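Source file: input.txt (compact mmCIF, C-alpha atoms)
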# COMPACT_ATOMS: atom_id res chain seq x y z
CA MET A 175 173.05 94.44 117.20
CA SER A 176 172.22 95.69 120.68
CA SER A 177 173.34 94.29 124.02
CA SER A 178 173.25 95.34 127.64
CA VAL A 179 176.25 95.70 129.90
CA ALA A 180 174.68 93.20 132.30
CA SER A 181 174.27 90.56 129.58
CA LEU A 182 177.84 90.96 128.38
CA LEU A 183 179.23 90.64 131.91
CA SER A 184 176.95 87.67 132.55
CA SER A 185 178.45 85.91 129.54
CA ILE A 186 181.90 85.95 131.19
CA ALA A 187 180.75 85.34 134.77
CA ASP A 188 182.27 81.84 134.85
CA VAL A 189 185.69 82.89 133.56
CA GLY A 190 188.43 82.91 136.17
CA GLN A 191 186.26 82.26 139.22
CA ASP A 192 188.47 81.71 142.27
CA THR A 193 186.98 78.99 144.46
CA MET A 194 189.56 79.52 147.21
CA ARG A 195 189.54 83.32 147.55
CA GLY A 196 186.11 84.03 146.10
CA GLY A 197 185.66 86.50 143.27
CA TYR A 198 187.93 86.30 140.24
CA SER A 199 191.63 85.70 139.65
CA ARG A 200 192.53 86.65 136.09
CA PRO A 201 196.27 87.43 135.94
CA VAL A 202 197.62 88.68 132.64
CA TYR A 203 198.09 85.98 129.97
CA SER A 204 196.61 83.30 132.23
CA ILE A 205 194.05 80.96 130.71
CA ALA A 206 191.27 83.07 132.24
CA GLU A 207 192.59 86.37 130.89
CA LEU A 208 193.28 84.87 127.47
CA ASP A 209 189.70 83.59 127.40
CA LEU A 210 188.49 87.13 128.14
CA ARG A 211 190.69 88.55 125.39
CA SER A 212 189.15 86.04 122.96
CA TRP A 213 185.69 86.99 124.22
CA PHE A 214 186.37 90.67 123.55
CA ILE A 215 187.73 90.00 120.07
CA ALA A 216 184.64 87.94 119.22
CA GLU A 217 182.32 90.67 120.50
CA ALA A 218 184.21 93.33 118.55
CA GLU A 219 184.08 91.30 115.36
CA LYS A 220 180.32 90.80 115.82
CA ARG A 221 180.12 94.58 115.60
CA ALA A 222 182.27 94.65 112.45
CA LEU A 223 185.05 96.46 114.29
CA GLU A 224 188.55 96.02 112.87
CA VAL A 225 190.60 94.20 115.49
CA GLU A 226 194.37 94.24 115.83
CA ILE A 227 196.82 93.29 118.56
CA ASP A 228 199.82 95.58 118.67
CA TYR A 229 203.34 94.54 119.59
CA ASN A 230 202.78 95.42 123.26
CA GLY A 231 199.83 93.04 123.51
CA ILE A 232 197.22 95.81 123.52
CA ILE A 233 194.03 94.89 121.66
CA TRP A 234 192.53 97.64 119.48
CA ALA A 235 189.03 97.42 118.01
CA TRP A 236 188.36 100.18 115.47
CA TRP A 237 185.20 101.81 114.23
CA ASP A 238 186.79 103.57 111.28
CA LEU A 239 185.63 106.49 109.23
CA PRO A 240 184.80 105.73 105.57
CA SER A 241 188.07 107.46 104.67
CA GLY A 242 190.08 105.19 106.96
CA ASP A 243 191.71 108.22 108.57
CA ARG A 244 192.60 107.55 112.22
CA THR A 245 194.13 110.95 112.93
CA GLY A 246 192.77 112.42 116.16
CA ALA A 247 191.10 109.13 117.07
CA LEU A 248 188.89 108.98 120.14
CA VAL A 249 189.82 105.95 122.26
CA THR A 250 188.01 104.36 125.16
CA GLY A 251 188.71 101.12 126.99
CA SER A 252 190.16 99.55 130.11
CA HIS A 253 191.57 96.14 131.08
CA LEU A 254 190.50 92.52 131.61
CA ASP A 255 193.07 91.24 134.13
CA SER A 256 192.28 91.23 137.86
CA VAL A 257 193.85 91.20 141.29
CA PRO A 258 193.73 87.84 143.13
CA GLY A 259 190.15 87.30 144.26
CA GLY A 260 188.95 90.55 142.69
CA GLY A 261 185.47 91.69 141.78
CA ALA A 262 183.53 91.23 138.56
CA PHE A 263 183.56 94.88 137.46
CA ASP A 264 187.11 96.19 137.88
CA GLY A 265 188.21 96.38 134.24
CA PRO A 266 185.53 94.39 132.40
CA LEU A 267 182.87 97.02 133.17
CA GLY A 268 184.77 99.54 131.06
CA ILE A 269 185.19 97.10 128.19
CA ALA A 270 181.56 95.93 128.20
CA SER A 271 180.34 99.53 128.49
CA ALA A 272 182.41 100.55 125.46
CA LEU A 273 180.87 97.77 123.37
CA VAL A 274 177.37 98.74 124.47
CA ALA A 275 178.07 102.42 123.83
CA ILE A 276 178.85 101.53 120.22
CA ASP A 277 175.60 99.58 120.06
CA PHE A 278 173.70 102.64 121.32
CA LEU A 279 175.28 104.90 118.72
CA ARG A 280 174.56 102.53 115.86
CA ASP A 281 170.99 101.92 117.00
CA GLN A 282 170.50 105.69 116.84
CA GLY A 283 172.15 105.93 113.45
CA ARG A 284 174.93 108.14 114.81
CA GLN A 285 178.42 108.18 113.29
CA PRO A 286 181.38 109.70 115.17
CA GLU A 287 183.23 112.49 113.38
CA GLN A 288 186.57 110.82 114.06
CA ALA A 289 187.78 107.23 114.19
CA LEU A 290 186.74 105.48 117.40
CA ALA A 291 188.63 102.64 119.09
CA ILE A 292 188.26 100.40 122.12
CA ALA A 293 191.61 99.51 123.70
CA VAL A 294 192.25 96.59 126.07
CA PHE A 295 195.46 97.07 128.04
CA PRO A 296 197.29 94.05 129.50
CA GLU A 297 198.61 93.80 133.09
CA GLU A 298 196.82 96.87 134.43
CA GLU A 299 196.68 95.45 137.94
CA GLY A 300 200.30 94.33 138.08
CA SER A 301 199.14 91.21 139.94
CA ARG A 302 201.44 88.89 137.99
CA TYR A 303 204.53 90.98 137.22
CA GLY A 304 204.41 93.55 140.00
CA ILE A 305 204.11 96.76 137.99
CA ALA A 306 200.67 98.24 137.46
CA CYS A 307 199.63 99.48 134.00
CA LEU A 308 202.51 97.61 132.40
CA GLY A 309 200.91 97.55 128.94
CA SER A 310 200.23 101.29 128.86
CA ARG A 311 203.68 102.02 130.32
CA LEU A 312 205.33 100.05 127.51
CA PHE A 313 203.09 101.71 124.91
CA THR A 314 204.01 105.21 126.06
CA GLY A 315 207.64 104.54 126.94
CA ALA A 316 206.98 105.16 130.63
CA ILE A 317 208.99 102.04 131.50
CA PRO A 318 212.24 100.87 129.87
CA LYS A 319 211.64 97.90 127.64
CA SER A 320 214.55 96.00 129.17
CA ARG A 321 213.10 96.32 132.65
CA ALA A 322 209.63 95.21 131.57
CA LEU A 323 210.90 92.14 129.74
CA SER A 324 213.02 91.02 132.68
CA LEU A 325 210.16 91.08 135.21
CA THR A 326 209.35 87.63 136.57
CA ASP A 327 206.25 86.12 138.15
CA GLU A 328 206.13 83.82 141.18
CA SER A 329 207.10 80.81 139.06
CA GLY A 330 210.16 82.60 137.66
CA THR A 331 208.65 83.03 134.20
CA SER A 332 209.72 86.35 132.70
CA PHE A 333 207.33 88.75 131.04
CA ALA A 334 209.31 88.24 127.83
CA GLU A 335 208.88 84.46 128.03
CA GLN A 336 205.17 84.63 128.80
CA SER A 337 204.52 87.20 126.08
CA SER A 338 206.33 85.01 123.56
CA ALA A 339 204.28 82.00 124.69
CA VAL A 340 201.05 83.80 123.75
CA GLY A 341 202.35 84.94 120.37
CA ILE A 342 203.69 88.41 121.18
CA ASP A 343 207.24 89.09 119.98
CA PRO A 344 209.21 90.64 122.89
CA SER A 345 211.82 92.09 120.54
CA ARG A 346 209.19 94.41 119.04
CA MET A 347 207.82 95.73 122.33
CA GLY A 348 208.33 99.32 123.39
CA PRO A 349 207.05 102.86 122.77
CA ASP A 350 204.64 103.27 119.87
CA PHE A 351 204.86 107.01 119.34
CA GLU A 352 203.20 106.93 115.92
CA ARG A 353 200.05 105.32 117.27
CA LEU A 354 200.19 107.44 120.40
CA SER A 355 200.35 110.66 118.38
CA SER A 356 197.21 109.65 116.46
CA ILE A 357 195.07 109.59 119.62
CA GLY A 358 193.02 112.75 120.04
CA ALA A 359 191.65 111.80 123.47
CA PHE A 360 191.37 108.80 125.77
CA ILE A 361 188.37 108.23 128.04
CA GLU A 362 188.27 105.31 130.47
CA LEU A 363 185.06 104.19 132.16
CA HIS A 364 185.61 102.28 135.40
CA VAL A 365 183.71 101.05 138.43
CA GLU A 366 184.15 103.51 141.29
CA GLN A 367 186.55 102.02 143.82
CA GLY A 368 185.31 103.95 146.82
CA ARG A 369 182.29 105.64 148.38
CA GLY A 370 182.20 108.96 146.55
CA LEU A 371 178.96 108.36 144.63
CA ILE A 372 177.00 106.45 147.26
CA ASP A 373 175.33 109.51 148.83
CA LEU A 374 175.30 111.80 145.79
CA GLU A 375 172.30 110.21 144.05
CA GLN A 376 174.11 110.09 140.72
CA PRO A 377 175.13 106.93 138.84
CA VAL A 378 178.19 108.39 137.10
CA ALA A 379 181.01 110.75 138.09
CA ILE A 380 183.80 112.46 136.16
CA GLY A 381 187.35 111.88 137.37
CA SER A 382 189.48 114.86 138.38
CA SER A 383 192.75 113.22 139.40
CA ILE A 384 194.54 110.07 140.53
CA LEU A 385 196.47 110.10 143.78
CA GLY A 386 200.21 109.56 143.54
CA HIS A 387 201.09 106.01 144.45
CA GLY A 388 203.87 103.48 144.35
CA ARG A 389 204.92 99.98 145.30
CA TRP A 390 208.03 98.99 147.21
CA ARG A 391 209.46 95.58 148.10
CA LEU A 392 210.98 95.27 151.57
CA ARG A 393 213.30 92.28 151.97
CA PHE A 394 214.20 91.21 155.50
CA ASP A 395 217.17 88.82 155.73
CA GLY A 396 217.81 86.74 158.84
CA GLN A 397 218.92 83.21 159.70
CA GLY A 398 216.86 80.19 158.72
CA ASN A 399 216.83 77.52 161.41
CA HIS A 400 214.93 74.72 163.12
CA ALA A 401 211.78 75.80 164.97
CA GLY A 402 212.23 73.17 167.68
CA THR A 403 215.93 73.28 168.44
CA THR A 404 216.61 77.03 168.24
CA LEU A 405 216.04 78.88 171.51
CA MET A 406 214.01 82.08 171.37
CA THR A 407 217.03 84.04 172.60
CA GLY A 408 219.24 82.80 169.77
CA ARG A 409 217.05 83.60 166.80
CA ARG A 410 217.46 86.04 163.92
CA ASP A 411 213.88 85.82 162.65
CA PRO A 412 213.05 88.18 159.76
CA LEU A 413 209.34 87.42 160.07
CA ILE A 414 209.27 88.99 163.54
CA ALA A 415 210.89 92.14 162.16
CA ALA A 416 208.47 92.24 159.22
CA SER A 417 205.47 91.68 161.50
CA ALA A 418 206.53 94.51 163.83
CA LEU A 419 206.86 96.84 160.86
CA ILE A 420 203.48 95.90 159.41
CA SER A 421 201.83 96.56 162.78
CA SER A 422 203.36 100.05 162.90
CA ILE A 423 202.36 101.13 159.39
CA PRO A 424 198.81 102.34 160.21
CA SER A 425 200.09 104.77 162.85
CA ILE A 426 202.74 106.10 160.45
CA ALA A 427 200.12 106.71 157.74
CA LEU A 428 197.70 108.33 160.20
CA ASP A 429 200.36 110.89 161.08
CA HIS A 430 199.94 112.22 157.52
CA PRO A 431 196.26 113.03 156.78
CA GLY A 432 195.16 111.59 153.45
CA ALA A 433 197.94 109.00 153.30
CA ARG A 434 197.18 105.34 152.63
CA ALA A 435 199.80 102.67 153.35
CA THR A 436 199.20 98.95 152.91
CA VAL A 437 201.07 95.67 153.04
CA GLY A 438 198.85 93.16 151.26
CA ARG A 439 201.39 90.51 150.38
CA VAL A 440 204.05 88.80 152.52
CA GLU A 441 206.23 85.86 151.46
CA PRO A 442 208.40 84.07 154.02
CA ILE A 443 211.18 81.87 152.65
CA PRO A 444 211.27 78.87 152.75
CA GLY A 445 207.74 78.96 154.21
CA GLY A 446 207.76 75.76 156.27
CA THR A 447 205.56 75.40 159.37
CA ASN A 448 208.47 74.18 161.51
CA VAL A 449 211.12 76.42 159.96
CA ILE A 450 212.36 79.82 161.07
CA ALA A 451 212.34 81.91 157.92
CA SER A 452 215.64 82.97 156.40
CA GLN A 453 214.09 85.76 154.36
CA VAL A 454 210.81 87.62 154.15
CA ASP A 455 209.55 89.80 151.30
CA ALA A 456 206.79 92.31 152.04
CA TRP A 457 205.19 94.51 149.38
CA LEU A 458 204.26 98.03 150.42
CA ASP A 459 201.70 100.26 148.69
CA VAL A 460 201.69 103.98 149.61
CA ARG A 461 199.43 106.73 148.22
CA HIS A 462 198.82 110.45 148.86
CA PRO A 463 197.70 113.45 146.77
CA ASP A 464 201.02 115.19 147.53
CA ASP A 465 203.97 113.26 146.08
CA ALA A 466 206.29 114.76 148.71
CA VAL A 467 204.13 113.25 151.45
CA THR A 468 204.19 109.87 149.71
CA SER A 469 207.99 110.04 149.74
CA LEU A 470 208.02 111.07 153.40
CA VAL A 471 205.75 108.19 154.43
CA VAL A 472 207.97 105.69 152.61
CA SER A 473 211.05 107.19 154.29
CA ARG A 474 209.50 106.86 157.74
CA ILE A 475 208.46 103.27 157.05
CA THR A 476 211.97 102.49 155.81
CA GLU A 477 213.51 103.96 158.97
CA ARG A 478 211.17 101.91 161.15
CA ALA A 479 211.96 98.77 159.14
CA GLN A 480 215.65 99.28 159.76
CA GLU A 481 215.03 99.68 163.50
CA TYR A 482 213.00 96.46 163.74
CA ALA A 483 215.47 94.54 161.59
CA LEU A 484 218.35 95.62 163.85
CA GLU A 485 216.43 94.56 166.97
CA GLN A 486 216.09 91.04 165.54
CA GLY A 487 219.66 90.77 164.28
CA CYS A 488 218.46 91.01 160.69
CA THR A 489 219.00 93.33 157.74
CA VAL A 490 216.46 94.96 155.44
CA SER A 491 216.59 96.43 151.95
CA VAL A 492 213.92 98.50 150.21
CA ARG A 493 213.44 98.53 146.44
CA GLU A 494 211.04 100.74 144.52
CA GLU A 495 209.08 98.64 142.02
CA SER A 496 206.85 101.34 140.58
CA LEU A 497 206.00 104.96 141.24
CA SER A 498 203.33 107.13 139.65
CA PRO A 499 203.02 110.79 140.61
CA THR A 500 199.65 112.41 141.26
CA VAL A 501 197.88 112.89 137.91
CA GLY A 502 195.40 115.65 137.15
CA PHE A 503 193.30 114.87 134.09
CA ASP A 504 193.24 117.29 131.17
CA ILE A 505 191.33 120.39 132.27
CA ASP A 506 189.87 121.27 128.86
CA LEU A 507 188.71 117.71 128.26
CA ARG A 508 187.22 117.49 131.74
CA ARG A 509 185.29 120.74 131.23
CA ARG A 510 183.86 119.42 127.98
CA LEU A 511 182.75 116.27 129.79
CA GLU A 512 181.18 118.41 132.50
CA ALA A 513 179.28 120.36 129.86
CA GLU A 514 178.06 117.11 128.30
CA LEU A 515 177.18 115.53 131.67
CA PRO A 516 176.10 118.49 133.83
CA GLN A 517 174.63 116.30 136.59
CA ALA A 518 177.78 114.26 137.09
CA PRO A 519 179.86 115.14 140.16
CA VAL A 520 183.64 115.45 139.84
CA LEU A 521 185.66 113.09 142.05
CA GLU A 522 189.28 112.20 142.61
CA THR A 523 190.38 108.58 142.97
CA GLY A 524 193.03 106.79 144.97
CA ALA A 525 193.20 103.95 142.46
CA GLY A 526 195.63 103.81 139.55
CA HIS A 527 194.44 103.38 135.96
CA ASP A 528 195.80 103.22 132.42
CA ALA A 529 194.22 106.64 131.88
CA GLY A 530 196.66 107.97 134.46
CA ILE A 531 199.60 106.73 132.38
CA LEU A 532 198.22 108.03 129.07
CA ALA A 533 197.43 111.41 130.64
CA ALA A 534 201.07 112.46 130.34
CA TYR A 535 200.93 111.96 126.56
CA VAL A 536 197.36 112.54 125.33
CA PRO A 537 194.30 114.38 126.73
CA SER A 538 192.71 111.82 129.06
CA ALA A 539 189.65 111.58 131.27
CA MET A 540 187.70 109.07 133.34
CA LEU A 541 184.09 108.24 134.13
CA PHE A 542 183.23 106.32 137.31
CA VAL A 543 180.10 104.21 137.74
CA ARG A 544 178.54 103.99 141.21
CA ASN A 545 179.50 101.07 143.43
CA PRO A 546 176.84 100.76 146.17
CA THR A 547 179.12 98.72 148.43
CA GLY A 548 182.01 101.17 148.20
CA ILE A 549 184.26 98.08 148.12
CA SER A 550 186.64 97.08 145.33
CA HIS A 551 189.44 94.56 144.77
CA SER A 552 187.06 92.18 146.52
CA PRO A 553 184.17 89.85 145.63
CA GLU A 554 181.90 92.43 147.33
CA GLU A 555 182.47 94.95 144.52
CA HIS A 556 179.14 95.65 142.81
CA VAL A 557 177.33 97.74 140.21
CA GLU A 558 173.55 97.78 139.78
CA ASP A 559 172.37 96.89 136.27
CA SER A 560 170.60 100.24 135.90
CA ASP A 561 173.77 102.13 136.80
CA ALA A 562 175.82 100.05 134.37
CA GLU A 563 173.42 100.91 131.55
CA ALA A 564 173.44 104.58 132.57
CA GLY A 565 177.22 104.53 132.43
CA ALA A 566 177.25 103.08 128.93
CA THR A 567 174.67 105.62 127.77
CA LYS A 568 176.68 108.52 129.16
CA LEU A 569 179.87 107.11 127.61
CA ALA A 570 178.07 107.01 124.25
CA ASP A 571 177.01 110.65 124.69
CA VAL A 572 180.59 111.63 125.51
CA LEU A 573 181.96 109.75 122.50
CA MET A 574 179.68 111.77 120.24
CA ALA A 575 180.52 115.10 121.83
CA ASP A 576 183.02 117.54 120.35
CA ILE A 577 185.78 116.82 122.86
CA ARG A 578 188.88 116.75 120.66

Give the structure from the file, written as structure tokens.
Amino acid sequence: MSSSVASLLSSIADVGQDTMRGGYSRPVYSIAELDLRSWFIAEAEKRALEVEIDYNGIIWAWWDLPSGDRTGALVTGSHLDSVPGGGAFDGPLGIASALVAIDFLRDQGRQPEQALAIAVFPEEEGSRYGIACLGSRLFTGAIPKSRALSLTDESGTSFAEQSSAVGIDPSRMGPDFERLSSIGAFIELHVEQGRGLIDLEQPVAIGSSILGHGRWRLRFDGQGNHAGTTLMTGRRDPLIAASALISSIPSIALDHPGARATVGRVEPIPGGTNVIASQVDAWLDVRHPDDAVTSLVVSRITERAQEYALEQGCTVSVREESLSPTVGFDIDLRRRLEAELPQAPVLETGAGHDAGILAAYVPSAMLFVRNPTGISHSPEEHVEDSDAEAGATKLADVLMADIR
């Protein structure tokens, strides 16, 4: 069978649409994400791929050799979950492109020299349980199993409970070193989440590195009280302290060229219109190519948070939720991709990916497909159909190359 990337993405265009935010909200193991997982399994089975779900919830679809030997397997793939109100391409483009790449190879009568698999990793975005690339971190042992299972979402449901509810046994989760050691290389295709390709007149780029990045939760504690009876001079309002900090973050980041610092989520407790908050949680995202600078930016933000909290008669605590150092992709693998795709520019990315987690354990690489808006994690994210097909074609070429 033969499909196009556009037609595959069109077939899931109604899944997880967010009528309030726009775009798509597909948190891990939600109805929307489970529907996408079922869609992928059905598409893989149409192609006679052998599908299995491992004990970390990762879906594997195998194009096996006649011998059944999976040693040195070449793996591609991405994720299907999204940020709240995300775009249509972040994650699913890589999955649809992998399926179409297999179609291309079969249409041409080409057979890889090693087993080939498509992998779908759960909770790449971390939008439900707070830690990005949770599935690949569990798979590689990059996160302790106990910590992963104890993570809770906004409703208080733990990752262990939700995994069990969808048929995944939490007691079996954790590093899968046998499967990991069988992977010869991992290549992830992804929509570009920036403007690198817009002016280069090329549809596809090769990834060089991922900027170091992390997430921290700042908790401001004050005194909850009545909005009408509490004088302004007698308040201990943590939301004022949090707001002052958030306003100062751009200037702190700008003092360190190349740094990016963002607060995209704030939760006041109890959250009533006529209530002075007793507590405020703010989630901080900081990124920089130099891990020492990332640490310095977080330290400066922490110091400023303490100053603003003290001014308001509040306290603040800072907890690291996840931290990934800057990742440079495998040099030998990247050079082989450059030889196979000589027109493709080489770009770094500020966005995290499962390939960045796997890179510490197996040779890994990334391909980026042009995004003419330069916008991602937003409904404005876009890929032209012709670029999507070019990406799948180039992925198929790479999968047939001698890159082990």

List as a PDB file with C-alpha atoms, in the frame of the given file the protein and nucleic acid residues near region 291-303 of chain A, meaning an atom at most 7 Å away when all atoms listed in the file are counted, but skip any in the same chain fewer than 6 places from it.
ATOM      1  CA  PRO A 201     196.270  87.430 135.940  1.00  0.00           C
ATOM      2  CA  VAL A 202     197.620  88.680 132.640  1.00  0.00           C
ATOM      3  CA  GLY A 231     199.830  93.040 123.510  1.00  0.00           C
ATOM      4  CA  ILE A 232     197.220  95.810 123.520  1.00  0.00           C
ATOM      5  CA  ILE A 233     194.030  94.890 121.660  1.00  0.00           C
ATOM      6  CA  TRP A 234     192.530  97.640 119.480  1.00  0.00           C
ATOM      7  CA  ALA A 235     189.030  97.420 118.010  1.00  0.00           C
ATOM      8  CA  TRP A 236     188.360 100.180 115.470  1.00  0.00           C
ATOM      9  CA  TRP A 237     185.200 101.810 114.230  1.00  0.00           C
ATOM     10  CA  LEU A 248     188.890 108.980 120.140  1.00  0.00           C
ATOM     11  CA  VAL A 249     189.820 105.950 122.260  1.00  0.00           C
ATOM     12  CA  THR A 250     188.010 104.360 125.160  1.00  0.00           C
ATOM     13  CA  GLY A 251     188.710 101.120 126.990  1.00  0.00           C
ATOM     14  CA  SER A 252     190.160  99.550 130.110  1.00  0.00           C
ATOM     15  CA  HIS A 253     191.570  96.140 131.080  1.00  0.00           C
ATOM     16  CA  ASP A 255     193.070  91.240 134.130  1.00  0.00           C
ATOM     17  CA  SER A 256     192.280  91.230 137.860  1.00  0.00           C
ATOM     18  CA  VAL A 257     193.850  91.200 141.290  1.00  0.00           C
ATOM     19  CA  ALA A 272     182.410 100.550 125.460  1.00  0.00           C
ATOM     20  CA  GLY A 309     200.910  97.550 128.940  1.00  0.00           C
ATOM     21  CA  SER A 310     200.230 101.290 128.860  1.00  0.00           C
ATOM     22  CA  LEU A 325     210.160  91.080 135.210  1.00  0.00           C
ATOM     23  CA  THR A 326     209.350  87.630 136.570  1.00  0.00           C
ATOM     24  CA  ASP A 327     206.250  86.120 138.150  1.00  0.00           C
ATOM     25  CA  ASP A 528     195.800 103.220 132.420  1.00  0.00           C
TER      26      ASP A 528
END

Fewer than 3 positions away in the same chain doesn't count, so skip those; otherwise give me all residues within 9 Å of Ser538 (chain A), counting all atoms listed in the file, as a PDB file with C-alpha atoms, keeping the file's coordinate frame.
ATOM      1  CA  ALA A 359     191.650 111.800 123.470  1.00  0.00           C
ATOM      2  CA  PHE A 360     191.370 108.800 125.770  1.00  0.00           C
ATOM      3  CA  ILE A 361     188.370 108.230 128.040  1.00  0.00           C
ATOM      4  CA  GLU A 362     188.270 105.310 130.470  1.00  0.00           C
ATOM      5  CA  PHE A 503     193.300 114.870 134.090  1.00  0.00           C
ATOM      6  CA  ASP A 504     193.240 117.290 131.170  1.00  0.00           C
ATOM      7  CA  LEU A 507     188.710 117.710 128.260  1.00  0.00           C
ATOM      8  CA  ARG A 508     187.220 117.490 131.740  1.00  0.00           C
ATOM      9  CA  ALA A 529     194.220 106.640 131.880  1.00  0.00           C
ATOM     10  CA  GLY A 530     196.660 107.970 134.460  1.00  0.00           C
ATOM     11  CA  LEU A 532     198.220 108.030 129.070  1.00  0.00           C
ATOM     12  CA  ALA A 533     197.430 111.410 130.640  1.00  0.00           C
ATOM     13  CA  ALA A 534     201.070 112.460 130.340  1.00  0.00           C
ATOM     14  CA  TYR A 535     200.930 111.960 126.560  1.00  0.00           C
TER      15      TYR A 535
END

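You can rank A:Glu522, A:Asp373, A:Glu512, A:Asp192 by their closest distance to Thr547 (chain A) using all atoms listed in the file, and at the top of that list sits A:Asp373.
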
- Close residues, Trp213 (chain A) itself excluded, 12 Å, only C-alpha atoms, min 2 positions apart in chain, as JSON, numbers by chain: {"A": [182, 183, 185, 186, 187, 189, 206, 207, 208, 209, 210, 211, 215, 216, 217, 218, 219, 220, 233, 254, 266, 269, 270, 273, 294]}

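CA of Ser491 (chain A) is positioned 21.3 Å from CA of Ala466 (chain A).
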
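From CA of Gly261 (chain A) back to CA of Ser199 (chain A), the distance works out to 8.9 Å.
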
- Restricting to only C-alpha atoms, whichever of A:Gly398, A:Gly265, A:Gly259, A:Gly565 is closest to Tyr198 (chain A) is A:Gly259

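From CA of His387 (chain A) back to CA of Ser498 (chain A), the distance works out to 5.4 Å.
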
Write out as a Markdown table the residues of region 425-475 of chain A that have any atom within 6 Å of an atom of region 389-393 of chain A, one row each with the nearest atom pair and its distance in Å to one decimal, counting only C-alpha atoms, sorted by chain and then rising number.
| residue | atom | partner | partner_atom | distance |
| --- | --- | --- | --- | --- |
| A:Val454 | CA | A:Arg393 | CA | 5.7 |
| A:Asp455 | CA | A:Arg393 | CA | 4.5 |
| A:Ala456 | CA | A:Leu392 | CA | 5.2 |
| A:Trp457 | CA | A:Arg391 | CA | 4.6 |
| A:Leu458 | CA | A:Trp390 | CA | 5.0 |
| A:Asp459 | CA | A:Arg389 | CA | 4.7 |

- Need the neighbours of (173.2, 96.1, 126.2): which residues are at most 9 Å away, counting only C-alpha atoms, as an MDAnalysis selection string? chainID A and resid 176:182 270:271 273:275 277:278 563 566

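The residue that comes closest to Ala483 (chain A), out of A:Ala518, A:Ile384, A:Ala415, A:Val536 and on the basis of all atoms listed in the file, is A:Ala415.
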
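For Leu511 (chain A), the residues within 9 Å (counting only C-alpha atoms, excluding itself and residues fewer than 5 positions away along the chain) are Ile380, Asp506, Pro516, Ala539, Val572, Ala575 and Ile577 of chain A.
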
Exercise on region 290-299 of chain A, axis-aligned box with 5 Å per side, report centre and edge lengths in Å to one decimal, as JSON:
{"center_x": 192.7, "center_y": 99.6, "center_z": 127.7, "size_x": 21.9, "size_y": 21.7, "size_z": 30.5}

- If you count only C-alpha atoms, which residues fall within 8 Å of Thr314 (chain A), apart from same-chain ones fewer than 5 positions away, as a PyMOL selection string? chain A and resi 348-351+354+531-532+535

Resulting file, chosen residues, C-alpha atoms, as a compact mmCIF listing (two decimals), in the frame of the given file:
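Generated output (again.txt):
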# COMPACT_ATOMS: atom_id res chain seq x y z
CA GLY A 348 208.33 99.32 123.39
CA PRO A 349 207.05 102.86 122.77
CA ASP A 350 204.64 103.27 119.87
CA PHE A 351 204.86 107.01 119.34
CA LEU A 354 200.19 107.44 120.40
CA ILE A 531 199.60 106.73 132.38
CA LEU A 532 198.22 108.03 129.07
CA TYR A 535 200.93 111.96 126.56

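Within a radius of 10 Å around (212.3, 96.6, 162.8), the polymer residues are Phe394, Pro412, Ile414, Ala415, Ala416, Ser417, Ala418, Leu419, Ile420, Ser422, Ile475, Thr476, Glu477, Arg478, Ala479, Gln480, Glu481, Tyr482, Ala483, Leu484, Glu485, Gln486, Gly487, Cys488, Thr489 and Val490 of chain A, counting only C-alpha atoms.
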
- Taking only C-alpha atoms into account, which of A:Thr436, A:Thr404, A:Asn230, A:Ser241 comes nearest Lys319 (chain A)? A:Asn230
